[in-house]
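Colleague: Structure provided below as structure tokens; questions to follow.
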Amino acid sequence: MKSARRQAYRARKQAHTARKSNKDKKGFSFVKLLIPLVLLLVCYLFLKGTTRLWNGKDKVSLVYKGEGGDIEVTVLDPVLSEVTTIVIPGDTQVEVARNYGTFRIKNVWQLGVNEKIKGDLLAETVTQNFLFPVFLWSEKPPGWGSGNLANILNFIFLPGSTNISFGDRLQAGLFVLRVQEIGKSVIDLGKSRFLDKGTLEDGQAGYVLTGPISQRLTIYFTDNVIGDKNIKVKITDATGSPGISEKLGEILQVIGGKVVSIEKKTVSEDIDCVVTGVSQEAVKKISNLFSCKIGSGETSFDLDIEIGKRFAERF
């Protein structure tokens with residue numbers, strides 16, 4: 001009798017242990033499934049949080065130090081699936097932004113580092129001299145022009161000094177890898193008619209710009225959205241400096257805007273750059289490009305930009 005009870009007890013215990021084991025296995029399987037899902041969610045949120053510019057439709061332009069002192073500007077066009085790199089010889093003479101004077105462009109990066117404004121000075125100098133609207137910069141080549149996988153990965157994970165975010169570097173790199181060779185082109189200004197070779201102000205040989213910038217170059221920088229919407233622009237100029245609003249207007253027209261009004265006002269010591277407008281998308285883009293504050297005033301223009309003395313000092 002006791003033996004039968006012991007056997008029944010053992011059977012119940014074994015059944016309980018088996019149920020518990022099955023339950024533990026199910027719980028462990030659920031955890032194994034949950035961990036990858038959580039990791040994927042974290043990666044997605046991180047990528048989304050660090051992707052500030054890339055949206056698959058707007059062009060992205062980056063200026064950086066190329067080989068041998070040259071300066072390169074690469075434009076990614078996701079609509080046409082094109083990658084265009086413009087090479088500016090390092091010995092090209094330019095007027096440096098923020099009134100720093102005349103330099104060879106290969107020396108502008110180091111000047112920006114010395115003045116603690118890093119690549120902003122190079123981007124602004126390229127924008128003003130060549131009318132290439134670019135505000136993203138990097139100390140090292142991103143590998144976009146060549147499509148070299150090792151260089152692209154190096155730029156994504158070890159970018160050096162740059163102001164382009166991780167998410168944008170990753171998205172841009174993946175885009176470049178998908179672009180076919182026929183969609184990649186390099187324009188070397190030193191081997192074109194866009195620059196003249198001669199003696200520079202320092203007495204040494206180099207390159208200078210030959211007159212107005214050709215539309216054959218600026219066409220690569222026309223915004224895919226602004227260019228199609230016939231954006232009307234008003235500029236209110238309170239800088240007190242001649243030529244500032246006109247130069248600003250030229251850059252805006254490269255992007256695709258149409259400057260319909262330039263109003264001169266009394267010099268404003270406190271105003272830098274304030275942009276408002278009906279087109280919020282255009283407002284955000286211009287704010288990024290020229291480091292303008294987004295205003296809250298009402299306007300009937302697609303873009304309404306007010307610039308003051310502080311803007312002239314850094315333009």
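Residue numbers start at 1 in each chain; chains themselves are named A, B, ... in the order of the structure tokens; ligands are numbered from 1 in the order shown.
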With DSSP run on the backbone, what are the strand (DSSP E or B) residues within range 101-295 of chain A? I'd like them as a ChimeraX atom specification.
Modeller: /A:101-104,136-138,162,184-188,195-199,205-209,232-238,258-264,273-276,293-294
Colleague: Need to verify the contact set: range 70-85 of chain A, 7 Å, only C-alpha atoms, exclusion of same-chain residues closer than 2 positions in sequence. Can you return it as an NGL selection string?
Modeller: :A and (56-68 or 87-90 or 106 or 145 or 179 or 183-187)
Colleague: Please determine, counting only C-alpha atoms, which residue among A:Thr127, A:Asp270, A:Gly257, A:Thr236 has the shortest atom-to-atom distance to Ile305 in chain A.
Modeller: A:Thr236
Colleague: With a distance cut-off of 9 Å and only C-alpha atoms, select the neighbouring residues of range 218-222 of chain A, excluding the residue or stretch itself and same-chain residues fewer than 3 positions from it, and output the selection as a PyMOL selection string.
Modeller: chain A and resi 59-61+75+77+84+130-134+213-215+225-227+253-256
Colleague: Going by DSSP on the backbone, which residues of range 240-299 of chain A come out as alpha helix (DSSP H)? List them as a ChimeraX atom specification.
Modeller: /A:244-255,280-290
Colleague: I'd like to know which of A:Ile244, A:Val259, A:Leu158, A:Ile152 is closest to Val176 in chain A, using only C-alpha atoms.
Modeller: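 Checking each candidate against Val176 in chain A, we get A:Ile152 as the closest.
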Colleague: In Å, rounded to a single decimal, give me how far CA of Gly119 in chain A is from CA of Arg169 in chain A.
Modeller: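 Straight-line distance from CA of Arg169 in chain A to CA of Gly119 in chain A works out to 16.5 Å.
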Colleague: Please compute the CA of Gln280 in chain A-CA of Glu298 in chain A distance, one decimal, in Å.
Modeller: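 So the answer is 12.1 Å.
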Colleague: Excluding Ile307 in chain A and any residue of its chain fewer than 2 positions from it, enumerate the residues within 12 Å of it, using only C-alpha atoms, and give them as a PyMOL selection string.
Modeller: chain A and resi 234-241+244-246+248-249+262-276+290-293+304-305+309-315
